[in-house]
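Inspection log for the structure reproduced underneath, given as C-alpha cells.
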Amino acid sequence: MNQPLENINELLSQHKLSQLDYHHIKEILDREPNLVELGIFSAMWSEHCSYKSSKKHLSGFPTKAPWVIQGPGENAGVIDIGGGYAAVFKMESHNHPSFIEPYQGAATGVGGIMRDIFTMGARPIANLNALRFGNVMNDDKVSSHQRYLVRGVVDGIGGYGNCMGVPTIGGETSFDECYNGNILVNAFTLGLAKSDEIFYGKAEGIGNPVIYVGSKTGRDGLGGAVMSSDSFTEESKSLRPTVQVGDPFTEKLLLEACLELFKTDYVVGIQDMGAAGLTSSAFEMAGRSGSGMIMNLDAVPAREEGMTPYEFMLSESQERMLICAKKGSEAAIIEIFEKWDLDAAVIGEVTATGNMELFWHGDKVADVPVDPVSEEAPVLDRPVKRPAYLDGIKDVTIDDFDKVGNQAAFEKLIASMEVVDKAWVYDQYDSMVQTNTIKKGGQLDASVVRVKENGKALAMSADCNVRFCYVDPKGGAAAAVIESGRNVAMSGARPLAITDCLNYGNPENPEVMWQFAEGCLGIKEACAELTTPVIGGNVSLYNETNGVSVFPTPSIATVGVNDDQDKVLMSNFQEEGNLLYIVGETRSEFGGSLYMKEVCGTVAGQLPVIDYEKELALWDLVIEANKKGLLTSAKDLSSGGAAIALAKMAATSGFGCSVGMKVDDEREIFAESMSRAIIEVSLENAEAFEAMTTGLSCERVGTVGGNALSINDVEMPLAQLDEIYFGTFKKVIERDI
C-alpha cells in the first residue's frame, strides 16, 4: 500500500498542499501518505471543500428559528412552511468551471444544486440563478468573449433545467468590468418535501452496506475542487479537462429513482457526489456519524478503461449518489435503480474503525482516519487589511461631477444593461413546467410558486448590489440581505430564511480577506435584525485573474411564505386610475448607485443609511395590507431609484403613469435610499391603506394611466420606453452572431 512518493515537492505543488500540510498529514497517518491518500487530503483540504480561509468568519451566523428544521451542515437547509410541508433550498457557485467551459460549467452547476435538494427527499420545484458578467458593450475581444460566455451560460442553465422539468422562475443578471476575468454563476434550487420525511447524509450502523448509484464514473472533472481553489492566469484555458460534463436526462432518472427509494424504509443516509466526488461524499457521510467505512473501488461502475483508485476517488463525474442502506435491502435498492436504467452496486460497508479503508482488487490502497480529514483541515487566520481604495472614494459625491439633466440621465440609465429587460435570458428557461408558477422572470422583484399541497405560496429572490459591496463591504452585504428580503415581502410573503453564495477574490490578499470578513459581519447583523436565519450556502474564493479580484459579491437568496396563494402581490401596474404612493424616506443618497456608475462614470461614495426598524415596518405594512386586500401592486426601490422602478413597472404592464415626487434636489428621483417601495392602491382602498402607514413616511405621488411615463421633469412615451427596455439586451448579446 505504501510506495514512497517521488518528486514530493512537485506533487505537493500539483495538489495545492504546503510543506506544513504535508507534515500534518504525516502526523495524522503516522507515516508517509501514498498518492491516493495525498489526493484525498488535497481535495478535502482544498479551499472549495474545507473553507479553510473562510471558516473563522462564518461562525456566528444566525442559523436558528422556530421554523428552521435543518440549518447549515447538510446537503441543503430546510424550513417548515406549514401544513405538514417543508421547503428545502440552497445556492451554490460554479464560477470557475463556467468561465472555462460556459455551457457545461453552468449546466453541471444546475445539476449539482438540484441533487443537493432531492438528496434531502424533496422534489425540486423552482430554480433561480444569479449571474455576473463583465463588459459586453464594446467591440473589443474582452466584450466579445463576455457575450460568448453569456450565451453559453444561459444555454447551459436552460438546457439542464428544462430537461429536468424544473421551472427556472427568476434570478438576477448583472454586468460590471470587475467580472471581465471571472464571471460568477450562482445556482439556486428549492424543493418541496413533507416536513417529517427529510433524509440526511450520514453513514451509520456497523455492517450496513454502502451503495453507489447513478451514472458510471469517468475521468471528467478530475481535480475540479482543487482547480476551484486557485486564481486564474493566462494558462487557465488548459484547465478544460477539470470541468465536469452533465447529462440532465440521466439526472431526471436519478431524481425519480431516489424519490421512489424514499418511499421505502431502506435508507439510512444519502449523499450527492459533488465536488471531490466519491472522496467528499464518503468522508462526509462517515464523518457525520463518527463511523468508518470500507470501500472496494474495483466495484465502482466505470465508463472508461484502466481507471486507477486515485481517479475513482477524485473524479467529479456527474449524476451520482452514495447511499448508506439497511443491511438486507441491497437487492431491493439495486432493483429500483436498474428499473430506471441506472447503475447500482454495493461498493462497501460501514465499520466501527473510524477509518476510510480503500481496496483495489483485494489490496488495501489507502487507510485514512475519517475525523481528522474533516476536522483537522487547516483553519487559516489570514491577515486582513482595510483596502486603500476606500479612502479615495468615501467622500466622492455626484456634486463632484458636471451636472446632467434628468431627462438625459434617465435615457442613459434606462438603456443600461443593469436595467433593461433580460427576456433573451429567461425566455430560454421553461418557467411554467409543473404549472405552479405564479410570478416568473421579467415580472419584477420576487418570483413565486404555489404549493398546491397546502394552499400557500413560496416567494424567493436572489440579490446583491455589488457596487454597494465595493464602497462598503459590510453595509453592502447587509444591503443584499435587506433587498432580497424586501423583494420577497413586496410579493406579500413573510421572509423566513436565506441561503448565500459568498463570491470574493483571492484570500491571500489581506484587502480581499478584509472585504470577506466585513461581508460576513454585515450578513450576520442583517439576518439577526430581520429574523431571516442563514440555513446554508457556499463560499467561492479565488475569483481573481492575473491579480485582479472581482468586487465583493455576497449573493443572497431569501425564501418567504405567503399563507394564501390567491393573494400574491404583483410588482407592476395593474389598473388605470389607481393611486401611486412612495413609502419610505427619499434622501440625496447616491453612494454606489447606478447613477454614479452610469452618469458619473465611477463607483464611489458612501452607502445609503440602513435602518432595520424602518425596513421591517415597510415589510409589515405591505404584508398586512395585502392580507386585507388593500394593495394592487408593490415594487421595491433599488438600482436607479424611483424613476427606474416606475419605468420598469410601466414597461412591463403597458400602463403609463404621471408622478410628481417632492425632492430637495431634482436628481433624487434616481437616489437609492433604502427601505422604500412604490405601492399601487385603488381609489376605494386609499383611506384604509393610508391609515396603516403610521410611523412611516408615505407620499401620494401620482396615478397609473396614459401612454407615457412621466415623473417630475422626465418624460418618455411608452412606445419608446418599450423599444429600449425590451429591445436592447438581445441586440447587444447577439452582436457577434
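Naming scheme: A, B, ... for chains in displayed order of the C-alpha cells; residues 1 onward per chain; ligands 1 onward as shown.
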### Task
Excluding Gly475 of chain A and residues on its chain fewer than 2 positions from it, collect all residues at most 8 Å away from it, counting only C-alpha atoms, and give them as JSON, numbers by chain.
{"A": [468, 469, 472, 473, 477, 478, 479, 519, 522, 607, 610]}
Write out as a Markdown table the residues of segment 667-688 of chain A that have any atom within 12 Å of an atom of segment 644-647 of chain A, one row each with the nearest atom pair and its distance in Å to one decimal, counting only C-alpha atoms, sorted by chain and then rising number.
```
| residue | atom | partner | partner_atom | distance |
| --- | --- | --- | --- | --- |
| A:Glu668 | CA | A:Ile644 | CA | 11.7 |
| A:Ile669 | CA | A:Ile644 | CA | 8.6 |
| A:Phe670 | CA | A:Ile644 | CA | 7.3 |
| A:Ala671 | CA | A:Ile644 | CA | 10.1 |
| A:Glu672 | CA | A:Ile644 | CA | 10.4 |
| A:Arg676 | CA | A:Ala645 | CA | 10.9 |
| A:Ala677 | CA | A:Ala645 | CA | 9.0 |
| A:Ile678 | CA | A:Leu646 | CA | 7.9 |
| A:Ile679 | CA | A:Leu646 | CA | 10.5 |
| A:Glu680 | CA | A:Leu646 | CA | 11.0 |
```
Would you save the residues of that selection, restricted to N, CA and C atoms, as an mmCIF file, in the first residue's frame?
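Writing done, so here's out.cif:
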```
data_model
loop_
_atom_site.group_PDB
_atom_site.id
_atom_site.type_symbol
_atom_site.label_atom_id
_atom_site.label_comp_id
_atom_site.auth_asym_id
_atom_site.auth_seq_id
_atom_site.Cartn_x
_atom_site.Cartn_y
_atom_site.Cartn_z
ATOM 1 N N GLU A 668 -32.841 63.490 -7.086
ATOM 2 C CA GLU A 668 -33.233 62.477 -6.095
ATOM 3 C C GLU A 668 -34.248 61.465 -6.632
ATOM 4 N N ILE A 669 -34.805 61.718 -7.807
ATOM 5 C CA ILE A 669 -35.672 60.685 -8.400
ATOM 6 C C ILE A 669 -34.855 59.446 -8.763
ATOM 7 N N PHE A 670 -33.504 59.580 -8.782
ATOM 8 C CA PHE A 670 -32.613 58.443 -9.052
ATOM 9 C C PHE A 670 -31.883 57.965 -7.795
ATOM 10 N N ALA A 671 -32.138 58.608 -6.656
ATOM 11 C CA ALA A 671 -31.433 58.250 -5.416
ATOM 12 C C ALA A 671 -31.799 56.831 -4.991
ATOM 13 N N GLU A 672 -30.890 56.194 -4.267
ATOM 14 C CA GLU A 672 -31.094 54.786 -3.894
ATOM 15 C C GLU A 672 -31.222 54.600 -2.386
ATOM 16 N N ARG A 676 -37.607 51.562 0.899
ATOM 17 C CA ARG A 676 -38.640 52.283 0.161
ATOM 18 C C ARG A 676 -39.343 51.348 -0.832
ATOM 19 N N ALA A 677 -40.588 51.718 -1.149
ATOM 20 C CA ALA A 677 -41.348 50.953 -2.135
ATOM 21 C C ALA A 677 -42.371 51.852 -2.801
ATOM 22 N N ILE A 678 -42.730 51.495 -4.024
ATOM 23 C CA ILE A 678 -43.869 52.111 -4.703
ATOM 24 C C ILE A 678 -45.058 51.190 -4.499
ATOM 25 N N ILE A 679 -46.140 51.741 -4.002
ATOM 26 C CA ILE A 679 -47.346 50.961 -3.719
ATOM 27 C C ILE A 679 -48.483 51.473 -4.606
ATOM 28 N N GLU A 680 -49.169 50.547 -5.271
ATOM 29 C CA GLU A 680 -50.334 50.890 -6.087
ATOM 30 C C GLU A 680 -51.592 50.481 -5.330
#
```
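Comparing A:Ala299, A:Val88, A:Val153, A:Met164 by their smallest distance to Ile198 of chain A, the closest is A:Val88 (using only C-alpha atoms).
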### Task
Do a neighbour search on Leu709 of chain A at 7 Å with only C-alpha atoms, toss out local chain neighbours closer than 2 positions, and write the hits as an MDAnalysis selection string.
chainID A and resid 647 650 656:658 711 715:718
For the selection you just gave me, I'd like the residues written to a file as a PDB file, in the first residue's frame, keeping N, CA and C atoms.
```
ATOM      1  N   ALA A 647     -40.336  53.208 -14.292  1.00  0.00           N
ATOM      2  CA  ALA A 647     -40.180  52.869 -15.712  1.00  0.00           C
ATOM      3  C   ALA A 647     -40.360  51.373 -15.940  1.00  0.00           C
ATOM      4  N   ALA A 650     -44.020  50.490 -15.593  1.00  0.00           N
ATOM      5  CA  ALA A 650     -44.774  50.927 -16.764  1.00  0.00           C
ATOM      6  C   ALA A 650     -44.520  50.007 -17.958  1.00  0.00           C
ATOM      7  N   GLY A 656     -48.955  53.681 -18.607  1.00  0.00           N
ATOM      8  CA  GLY A 656     -48.108  54.798 -18.255  1.00  0.00           C
ATOM      9  C   GLY A 656     -48.404  55.251 -16.839  1.00  0.00           C
ATOM     10  N   CYS A 657     -47.783  56.351 -16.440  1.00  0.00           N
ATOM     11  CA  CYS A 657     -48.079  56.916 -15.123  1.00  0.00           C
ATOM     12  C   CYS A 657     -47.693  58.384 -15.112  1.00  0.00           C
ATOM     13  N   SER A 658     -48.306  59.110 -14.217  1.00  0.00           N
ATOM     14  CA  SER A 658     -47.973  60.516 -14.017  1.00  0.00           C
ATOM     15  C   SER A 658     -47.622  60.698 -12.553  1.00  0.00           C
ATOM     16  N   ILE A 711     -42.395  61.443 -14.711  1.00  0.00           N
ATOM     17  CA  ILE A 711     -42.004  61.593 -13.313  1.00  0.00           C
ATOM     18  C   ILE A 711     -41.183  62.875 -13.178  1.00  0.00           C
ATOM     19  N   GLU A 715     -39.831  62.546 -19.013  1.00  0.00           N
ATOM     20  CA  GLU A 715     -40.987  62.013 -19.738  1.00  0.00           C
ATOM     21  C   GLU A 715     -40.501  61.153 -20.895  1.00  0.00           C
ATOM     22  N   MET A 716     -41.241  60.050 -21.117  1.00  0.00           N
ATOM     23  CA  MET A 716     -40.923  59.190 -22.258  1.00  0.00           C
ATOM     24  C   MET A 716     -42.194  58.462 -22.692  1.00  0.00           C
ATOM     25  N   PRO A 717     -42.529  58.516 -23.991  1.00  0.00           N
ATOM     26  CA  PRO A 717     -43.683  57.760 -24.475  1.00  0.00           C
ATOM     27  C   PRO A 717     -43.479  56.263 -24.244  1.00  0.00           C
ATOM     28  N   LEU A 718     -44.582  55.562 -23.943  1.00  0.00           N
ATOM     29  CA  LEU A 718     -44.472  54.117 -23.682  1.00  0.00           C
ATOM     30  C   LEU A 718     -43.857  53.375 -24.855  1.00  0.00           C
TER      31      LEU A 718
END
```
### Task
Would you mind listing what lies within 10 Å of Asp611 of chain A as number ranges by chain, with only C-alpha atoms counted and same-chain residues fewer than 6 positions away left out?
A: 482, 529, 674-675
Residues flagged alpha helix (DSSP H) by DSSP in segment 344-459 of chain A, as a compact mmCIF listing (two decimals) with C-alpha atoms, in the first residue's frame:
```txt
# COMPACT_ATOMS: atom_id res chain seq x y z
CA VAL A 370 -12.07 9.95 8.79
CA ASP A 371 -12.35 12.54 11.52
CA PRO A 372 -9.01 14.35 11.06
CA VAL A 373 -9.61 14.73 7.31
CA SER A 374 -12.75 16.75 8.07
CA GLU A 375 -11.93 18.23 11.46
CA TYR A 389 -9.09 52.37 -2.26
CA LEU A 390 -11.83 53.09 0.31
CA ASP A 391 -10.16 56.31 1.46
CA GLY A 392 -10.09 57.58 -2.11
CA ILE A 393 -13.79 57.03 -2.78
CA ASN A 406 -32.66 64.40 -15.50
CA GLN A 407 -34.01 63.56 -18.96
CA ALA A 408 -30.52 62.77 -20.30
CA ALA A 409 -29.65 60.83 -17.13
CA PHE A 410 -32.87 58.83 -17.39
CA GLU A 411 -32.23 57.94 -21.03
CA LYS A 412 -28.76 56.70 -20.10
CA LEU A 413 -29.96 54.68 -17.09
CA ILE A 414 -32.97 53.04 -18.72
CA ALA A 423 -36.19 38.33 -21.78
CA TRP A 424 -33.42 36.99 -24.03
CA VAL A 425 -32.20 35.14 -20.91
CA TYR A 426 -35.36 33.99 -19.18
```
